[in-house]
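So this one's work18.json, JSON, C-alpha atoms:
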```
[["chain", "number", "residue", "atom", "x", "y", "z"],
["A", 1, "MET", "CA", 216.20, -83.82, 83.92],
["A", 2, "THR", "CA", 215.62, -86.63, 86.40],
["A", 3, "MET", "CA", 215.04, -90.35, 85.99],
["A", 4, "LEU", "CA", 212.62, -92.25, 88.17],
["A", 5, "ARG", "CA", 213.99, -95.57, 89.44],
["A", 6, "GLN", "CA", 211.57, -97.96, 91.16],
["A", 7, "PHE", "CA", 212.20, -100.68, 93.71],
["A", 8, "LEU", "CA", 209.98, -103.26, 95.34],
["A", 9, "MET", "CA", 209.88, -102.80, 99.08],
["A", 10, "ALA", "CA", 209.11, -105.14, 101.96],
["A", 11, "PRO", "CA", 205.57, -104.40, 103.24],
["A", 12, "SER", "CA", 206.71, -104.51, 106.88],
["A", 13, "LEU", "CA", 209.33, -101.80, 106.27],
["A", 14, "ALA", "CA", 206.84, -99.72, 104.29],
["A", 15, "ARG", "CA", 204.34, -99.89, 107.20],
["A", 16, "LEU", "CA", 207.04, -98.74, 109.66],
["A", 17, "ILE", "CA", 207.95, -95.78, 107.45],
["A", 18, "GLN", "CA", 204.31, -94.81, 106.99],
["A", 19, "ARG", "CA", 203.61, -95.07, 110.71],
["A", 20, "GLU", "CA", 206.59, -92.79, 111.44],
["A", 21, "ARG", "CA", 206.13, -90.31, 108.56],
["A", 22, "GLY", "CA", 202.43, -90.49, 107.71],
["A", 23, "GLY", "CA", 201.15, -90.44, 104.17],
["A", 24, "GLU", "CA", 198.56, -89.11, 101.76],
["A", 25, "ARG", "CA", 195.87, -91.25, 100.12],
["A", 26, "VAL", "CA", 195.79, -90.97, 96.33],
["A", 27, "VAL", "CA", 193.33, -92.50, 93.85],
["A", 28, "GLU", "CA", 194.06, -92.52, 90.12],
["A", 29, "GLY", "CA", 191.69, -93.50, 87.32],
["A", 30, "TYR", "CA", 193.17, -94.35, 83.93],
["A", 31, "PHE", "CA", 191.56, -94.02, 80.51],
["A", 32, "PRO", "CA", 192.53, -96.08, 77.43],
["A", 33, "ASP", "CA", 195.85, -95.03, 75.86],
["A", 34, "ARG", "CA", 195.88, -93.02, 72.66],
["A", 35, "PRO", "CA", 198.69, -93.26, 70.07],
["A", 36, "HIS", "CA", 200.86, -90.45, 71.50],
["A", 37, "HIS", "CA", 199.39, -89.64, 74.89],
["A", 38, "SER", "CA", 197.55, -91.00, 77.88],
["A", 39, "ILE", "CA", 195.05, -89.40, 80.23],
["A", 40, "TYR", "CA", 194.27, -90.07, 83.86],
["A", 41, "VAL", "CA", 192.48, -88.40, 86.75],
["A", 42, "GLN", "CA", 194.14, -88.11, 90.17],
["A", 43, "VAL", "CA", 192.39, -87.38, 93.46],
["A", 44, "GLU", "CA", 194.59, -86.45, 96.40],
["A", 45, "GLU", "CA", 193.49, -85.30, 99.84],
["A", 46, "ASP", "CA", 193.62, -81.61, 98.95],
["A", 47, "ARG", "CA", 193.31, -81.46, 95.15],
["A", 48, "SER", "CA", 191.99, -83.19, 92.05],
["A", 49, "SER", "CA", 193.63, -83.11, 88.64],
["A", 50, "LEU", "CA", 193.20, -84.29, 85.09],
["A", 51, "ILE", "CA", 196.64, -85.26, 83.74],
["A", 52, "LEU", "CA", 197.81, -85.62, 80.15],
["A", 53, "SER", "CA", 201.04, -87.55, 79.68],
["A", 54, "SER", "CA", 202.54, -86.76, 76.29],
["A", 55, "ASP", "CA", 203.86, -90.16, 75.22],
["A", 56, "GLY", "CA", 201.90, -92.58, 77.41],
["A", 57, "ILE", "CA", 204.78, -93.54, 79.67],
["A", 58, "GLU", "CA", 204.88, -92.70, 83.36],
["A", 59, "GLY", "CA", 207.65, -90.24, 84.14],
["A", 60, "SER", "CA", 207.21, -88.40, 80.81],
["A", 61, "PRO", "CA", 206.38, -84.69, 80.77],
["A", 62, "GLU", "CA", 202.85, -84.17, 82.01],
["A", 63, "GLU", "CA", 200.29, -81.41, 81.74],
["A", 64, "ARG", "CA", 198.16, -81.12, 84.88],
["A", 65, "ALA", "CA", 194.86, -79.26, 85.10],
["A", 66, "GLY", "CA", 193.09, -78.76, 88.42],
["A", 67, "ILE", "CA", 189.43, -79.82, 88.40],
["A", 68, "PRO", "CA", 186.68, -79.78, 91.05],
["A", 69, "LEU", "CA", 186.37, -82.89, 93.24],
["A", 70, "SER", "CA", 182.85, -83.66, 91.95],
["A", 71, "GLN", "CA", 184.13, -83.79, 88.37],
["A", 72, "ALA", "CA", 187.11, -85.91, 89.38],
["A", 73, "GLN", "CA", 184.82, -88.41, 91.12],
["A", 74, "ALA", "CA", 182.59, -88.58, 88.01],
["A", 75, "LEU", "CA", 185.66, -89.29, 85.86],
["A", 76, "LEU", "CA", 186.84, -91.97, 88.30],
["A", 77, "ALA", "CA", 183.46, -93.69, 87.92],
["A", 78, "VAL", "CA", 183.96, -94.10, 84.15],
["A", 79, "ALA", "CA", 187.72, -94.79, 84.13],
["A", 80, "SER", "CA", 188.76, -98.14, 82.67],
["A", 81, "GLY", "CA", 191.08, -98.91, 85.60],
["A", 82, "GLN", "CA", 191.86, -97.50, 89.05],
["A", 83, "VAL", "CA", 194.69, -97.69, 91.51],
["A", 84, "ALA", "CA", 194.63, -96.43, 95.12],
["A", 85, "TYR", "CA", 197.73, -95.97, 97.24],
["A", 86, "VAL", "CA", 199.16, -94.15, 100.21],
["A", 87, "ARG", "CA", 202.10, -91.92, 99.22],
["A", 88, "THR", "CA", 204.79, -91.00, 101.70],
["A", 89, "ASP", "CA", 207.40, -88.49, 100.53],
["A", 90, "LEU", "CA", 210.90, -88.87, 101.93],
["A", 91, "SER", "CA", 214.35, -87.47, 101.28],
["A", 92, "LEU", "CA", 217.74, -89.14, 101.34],
["A", 93, "GLY", "CA", 220.35, -86.42, 101.21],
["A", 94, "SER", "CA", 219.43, -84.36, 98.15],
["A", 95, "ARG", "CA", 217.37, -87.16, 96.59],
["A", 96, "LYS", "CA", 213.57, -87.29, 96.71],
["A", 97, "LEU", "CA", 211.97, -90.65, 97.46],
["A", 98, "HIS", "CA", 208.30, -91.57, 97.16],
["A", 99, "LEU", "CA", 206.94, -94.63, 98.91],
["A", 100, "GLN", "CA", 203.70, -95.89, 97.36],
["A", 101, "GLN", "CA", 201.76, -98.50, 99.31],
["A", 102, "VAL", "CA", 199.22, -99.73, 96.77],
["A", 103, "THR", "CA", 195.98, -100.86, 98.41],
["A", 104, "GLU", "CA", 193.76, -101.36, 95.34],
["A", 105, "PRO", "CA", 193.56, -103.46, 93.23],
["A", 106, "GLY", "CA", 195.90, -105.44, 95.51],
["A", 107, "PRO", "CA", 198.74, -104.88, 97.99],
["A", 108, "LEU", "CA", 202.11, -103.78, 96.63],
["A", 109, "CYS", "CA", 204.85, -101.52, 98.01],
["A", 110, "LEU", "CA", 207.02, -99.50, 95.62],
["A", 111, "LEU", "CA", 209.78, -97.01, 96.34],
["A", 112, "SER", "CA", 210.51, -94.43, 93.63],
["A", 113, "VAL", "CA", 213.79, -92.51, 93.67],
["A", 114, "GLU", "CA", 214.40, -89.37, 91.59],
["A", 115, "VAL", "CA", 217.95, -89.54, 90.19],
["A", 116, "PRO", "CA", 219.49, -86.80, 88.03],
["A", 117, "GLN", "CA", 220.13, -88.27, 84.57],
["A", 118, "GLN", "CA", 223.87, -87.49, 84.72],
["A", 119, "GLU", "CA", 224.15, -89.53, 87.96],
["A", 120, "ALA", "CA", 222.02, -92.47, 86.80],
["A", 121, "GLU", "CA", 224.98, -94.76, 86.02],
["A", 122, "GLU", "CA", 226.72, -94.15, 89.36],
["A", 123, "PHE", "CA", 223.60, -94.42, 91.53],
["A", 124, "GLN", "CA", 223.85, -97.29, 94.00],
["A", 125, "PRO", "CA", 220.58, -98.23, 95.72],
["A", 126, "LEU", "CA", 220.66, -98.89, 99.44],
["A", 127, "SER", "CA", 220.26, -102.50, 100.57],
["A", 128, "TRP", "CA", 216.79, -101.91, 102.02],
["A", 129, "PHE", "CA", 215.40, -100.66, 98.69],
["A", 130, "GLY", "CA", 214.66, -104.20, 97.44],
["A", 131, "PRO", "CA", 214.87, -105.42, 93.85],
["A", 132, "GLU", "CA", 214.74, -102.82, 91.09],
["A", 133, "VAL", "CA", 211.71, -102.93, 88.78],
["A", 134, "SER", "CA", 212.26, -99.70, 86.82],
["A", 135, "ALA", "CA", 212.40, -101.44, 83.44],
["A", 136, "GLU", "CA", 209.38, -103.67, 84.07],
["A", 137, "ARG", "CA", 206.22, -102.13, 82.63],
["A", 138, "ALA", "CA", 204.06, -104.36, 84.85],
["A", 139, "TYR", "CA", 204.96, -102.09, 87.81],
["A", 140, "LEU", "CA", 203.70, -98.87, 86.20],
["A", 141, "ARG", "CA", 200.62, -97.64, 88.08],
["A", 142, "ARG", "CA", 198.73, -97.55, 84.75],
["A", 143, "ARG", "CA", 199.41, -101.27, 84.27],
["A", 144, "ILE", "CA", 198.56, -102.10, 87.90],
["A", 145, "ALA", "CA", 195.18, -100.38, 87.47]]
```

Kindly return the structure encoded in the file as structure tokens.
Amino acid sequence: MTMLRQFLMAPSLARLIQRERGGERVVEGYFPDRPHHSIYVQVEEDRSSLILSSDGIEGSPEERAGIPLSQAQALLAVASGQVAYVRTDLSLGSRKLHLQQVTEPGPLCLLSVEVPQQEAEEFQPLSWFGPEVSAERAYLRRRIA
């Protein structure tokens, strides 16, 4: 099992990384939370999905169902909130990193690092990661939307 740790990132560094590595545009539309689950639609460049998160918290186990783009766009139109970002996937040794440059509703750069749960205590972020915001719910994409 892995934990997702999030860090704020300087926009200038994020732009340099995206220019060097490229990225994929993603739009997510969120629906109101239910007591034990949340639902959102995600449109990527090559696929669209309807996603059920079992306990309403990002990073929890998710069930993903592929849907046609036309249906995804219709769901986005009725979603209560949306977030758009450019995602750049990176690796640092054996770790997976995901840079998310949020463009809508406003600019924000976040770096997510997947850390195995048994290594979570020993994990030392690199100096360029920026301040950690993992525990702050305001930086969840659902809350940003």

Checklist entry - Which is closer to A:Ile67 than all the others in A:Leu90, A:Ala138, A:Met9, A:Val43, using all atoms listed in the file? => result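 Closest to A:Ile67, using all atoms listed in the file: A:Val43.
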
Checklist entry - Quick one, how far is atom CA of A:Gly23 from atom CA of A:Val86? => result 5.8 Å

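Of the residues under consideration (A:Arg25, A:Arg5, A:Arg64, A:Arg19), A:Arg25 shows the shortest atom-to-atom contact distance to A:Val102 when counting all atoms listed in the file.
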
Checklist entry - So, counting all atoms listed in the file, which residue among A:Leu69, A:Gly29, A:Leu97, A:Met3 is closest to A:Arg143? => result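 Smallest separation from A:Arg143 among the options: A:Gly29.
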
Checklist entry - Given the choices A:Pro61, A:Gly106, A:Gly66, A:Pro32, which gets closest to A:Gly81 if the distance is worked out from all atoms listed in the file? => result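 Closest candidate: A:Pro32.
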
Checklist entry - Of the candidates A:Ile39, A:Thr103, A:Leu108, A:Gln82, which shows the shortest atom-to-atom distance to A:Glu62, using all atoms listed in the file? => result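 Looking only at the distances to A:Glu62, the closest residue turns out to be A:Ile39.
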
Next on the checklist: Need to verify the contact set: A:Glu24, 9 Å, only C-alpha atoms, exclusion of same-chain residues closer than 3 positions in sequence. Can you return it as a list in words?
Outcome noted: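 Non-adjacent residues within range: Glu44, Glu45, Tyr85, Val86, Arg87, Thr88 and Asp89 of chain A.
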
Item to check | Closest of A:Val78, A:Leu4, A:Val113, A:Ala84 to A:Leu99 - atom-to-atom distances counting only C-alpha atoms | outcome: A:Val113

Item to check | Length of the atom CA of A:Tyr30 to atom CA of A:Ala145 vector [Å] | outcome: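 Taking atom CA of A:Tyr30 and atom CA of A:Ala145, their separation equals 7.3 Å.
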
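Reported to one decimal place, the separation of atom CA of A:Phe31 from atom CA of A:Ala79 is 5.3 Å.
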
Checklist entry - Which residues, written as a ChimeraX atom specification, have at least one atom at most 8 Å from A:Pro116, with only C-alpha atoms counted and residues fewer than 2 positions away on the same chain left out? => result /A:1-3,114,118-120

Fill-in result for stretch 113-133 of chain A, N, CA, C and O atoms as a PDB file, in the coordinates of the input:
```pdb
ATOM      1  N   VAL A 113     212.675 -93.397  93.344  1.00  0.00           N
ATOM      2  CA  VAL A 113     213.790 -92.510  93.670  1.00  0.00           C
ATOM      3  C   VAL A 113     214.045 -91.624  92.454  1.00  0.00           C
ATOM      4  O   VAL A 113     214.209 -92.126  91.345  1.00  0.00           O
ATOM      5  N   GLU A 114     214.069 -90.306  92.667  1.00  0.00           N
ATOM      6  CA  GLU A 114     214.400 -89.370  91.590  1.00  0.00           C
ATOM      7  C   GLU A 114     215.916 -89.236  91.538  1.00  0.00           C
ATOM      8  O   GLU A 114     216.554 -88.838  92.516  1.00  0.00           O
ATOM      9  N   VAL A 115     216.494 -89.582  90.379  1.00  0.00           N
ATOM     10  CA  VAL A 115     217.950 -89.540  90.190  1.00  0.00           C
ATOM     11  C   VAL A 115     218.242 -88.637  89.005  1.00  0.00           C
ATOM     12  O   VAL A 115     217.701 -88.864  87.914  1.00  0.00           O
ATOM     13  N   PRO A 116     219.109 -87.621  89.175  1.00  0.00           N
ATOM     14  CA  PRO A 116     219.490 -86.800  88.030  1.00  0.00           C
ATOM     15  C   PRO A 116     220.081 -87.675  86.925  1.00  0.00           C
ATOM     16  O   PRO A 116     220.841 -88.613  87.216  1.00  0.00           O
ATOM     17  N   GLN A 117     219.739 -87.408  85.677  1.00  0.00           N
ATOM     18  CA  GLN A 117     220.130 -88.270  84.570  1.00  0.00           C
ATOM     19  C   GLN A 117     221.653 -88.439  84.484  1.00  0.00           C
ATOM     20  O   GLN A 117     222.133 -89.523  84.194  1.00  0.00           O
ATOM     21  N   GLN A 118     222.418 -87.395  84.801  1.00  0.00           N
ATOM     22  CA  GLN A 118     223.870 -87.490  84.720  1.00  0.00           C
ATOM     23  C   GLN A 118     224.455 -88.387  85.827  1.00  0.00           C
ATOM     24  O   GLN A 118     225.580 -88.842  85.719  1.00  0.00           O
ATOM     25  N   GLU A 119     223.681 -88.674  86.876  1.00  0.00           N
ATOM     26  CA  GLU A 119     224.150 -89.530  87.960  1.00  0.00           C
ATOM     27  C   GLU A 119     223.545 -90.935  87.899  1.00  0.00           C
ATOM     28  O   GLU A 119     223.794 -91.763  88.777  1.00  0.00           O
ATOM     29  N   ALA A 120     222.757 -91.213  86.872  1.00  0.00           N
ATOM     30  CA  ALA A 120     222.020 -92.470  86.800  1.00  0.00           C
ATOM     31  C   ALA A 120     222.946 -93.689  86.793  1.00  0.00           C
ATOM     32  O   ALA A 120     222.649 -94.710  87.413  1.00  0.00           O
ATOM     33  N   GLU A 121     224.059 -93.620  86.100  1.00  0.00           N
ATOM     34  CA  GLU A 121     224.980 -94.760  86.020  1.00  0.00           C
ATOM     35  C   GLU A 121     225.668 -95.035  87.352  1.00  0.00           C
ATOM     36  O   GLU A 121     225.911 -96.185  87.700  1.00  0.00           O
ATOM     37  N   GLU A 122     225.989 -93.985  88.107  1.00  0.00           N
ATOM     38  CA  GLU A 122     226.720 -94.150  89.360  1.00  0.00           C
ATOM     39  C   GLU A 122     225.818 -94.450  90.557  1.00  0.00           C
ATOM     40  O   GLU A 122     226.294 -94.852  91.610  1.00  0.00           O
ATOM     41  N   PHE A 123     224.520 -94.252  90.407  1.00  0.00           N
ATOM     42  CA  PHE A 123     223.600 -94.420  91.530  1.00  0.00           C
ATOM     43  C   PHE A 123     223.619 -95.846  92.045  1.00  0.00           C
ATOM     44  O   PHE A 123     223.410 -96.796  91.296  1.00  0.00           O
ATOM     45  N   GLN A 124     223.862 -95.995  93.338  1.00  0.00           N
ATOM     46  CA  GLN A 124     223.850 -97.290  94.000  1.00  0.00           C
ATOM     47  C   GLN A 124     222.709 -97.318  95.001  1.00  0.00           C
ATOM     48  O   GLN A 124     222.729 -96.581  95.979  1.00  0.00           O
ATOM     49  N   PRO A 125     221.702 -98.169  94.776  1.00  0.00           N
ATOM     50  CA  PRO A 125     220.580 -98.230  95.720  1.00  0.00           C
ATOM     51  C   PRO A 125     221.027 -98.795  97.058  1.00  0.00           C
ATOM     52  O   PRO A 125     221.958 -99.605  97.131  1.00  0.00           O
ATOM     53  N   LEU A 126     220.364 -98.358  98.112  1.00  0.00           N
ATOM     54  CA  LEU A 126     220.660 -98.890  99.440  1.00  0.00           C
ATOM     55  C   LEU A 126     220.103-100.305  99.553  1.00  0.00           C
ATOM     56  O   LEU A 126     219.170-100.678  98.834  1.00  0.00           O
ATOM     57  N   SER A 127     220.638-101.085 100.455  1.00  0.00           N
ATOM     58  CA  SER A 127     220.260-102.500 100.570  1.00  0.00           C
ATOM     59  C   SER A 127     218.788-102.688 100.913  1.00  0.00           C
ATOM     60  O   SER A 127     218.176-103.674 100.515  1.00  0.00           O
ATOM     61  N   TRP A 128     218.183-101.746 101.617  1.00  0.00           N
ATOM     62  CA  TRP A 128     216.790-101.910 102.020  1.00  0.00           C
ATOM     63  C   TRP A 128     215.796-101.518 100.931  1.00  0.00           C
ATOM     64  O   TRP A 128     214.596-101.679 101.089  1.00  0.00           O
ATOM     65  N   PHE A 129     216.288-101.047  99.782  1.00  0.00           N
ATOM     66  CA  PHE A 129     215.400-100.660  98.690  1.00  0.00           C
ATOM     67  C   PHE A 129     214.676-101.867  98.091  1.00  0.00           C
ATOM     68  O   PHE A 129     213.579-101.743  97.608  1.00  0.00           O
ATOM     69  N   GLY A 130     215.265-103.025  98.074  1.00  0.00           N
ATOM     70  CA  GLY A 130     214.660-104.200  97.440  1.00  0.00           C
ATOM     71  C   GLY A 130     215.044-104.264  95.977  1.00  0.00           C
ATOM     72  O   GLY A 130     215.800-103.431  95.475  1.00  0.00           O
ATOM     73  N   PRO A 131     214.514-105.257  95.259  1.00  0.00           N
ATOM     74  CA  PRO A 131     214.870-105.420  93.850  1.00  0.00           C
ATOM     75  C   PRO A 131     214.346-104.276  92.979  1.00  0.00           C
ATOM     76  O   PRO A 131     213.252-103.776  93.189  1.00  0.00           O
ATOM     77  N   GLU A 132     215.144-103.897  91.986  1.00  0.00           N
ATOM     78  CA  GLU A 132     214.740-102.820  91.090  1.00  0.00           C
ATOM     79  C   GLU A 132     213.776-103.340  90.026  1.00  0.00           C
ATOM     80  O   GLU A 132     213.979-104.407  89.450  1.00  0.00           O
ATOM     81  N   VAL A 133     212.719-102.569  89.774  1.00  0.00           N
ATOM     82  CA  VAL A 133     211.710-102.930  88.780  1.00  0.00           C
ATOM     83  C   VAL A 133     211.464-101.791  87.789  1.00  0.00           C
ATOM     84  O   VAL A 133     210.426-101.758  87.120  1.00  0.00           O
TER      85      VAL A 133
END
```
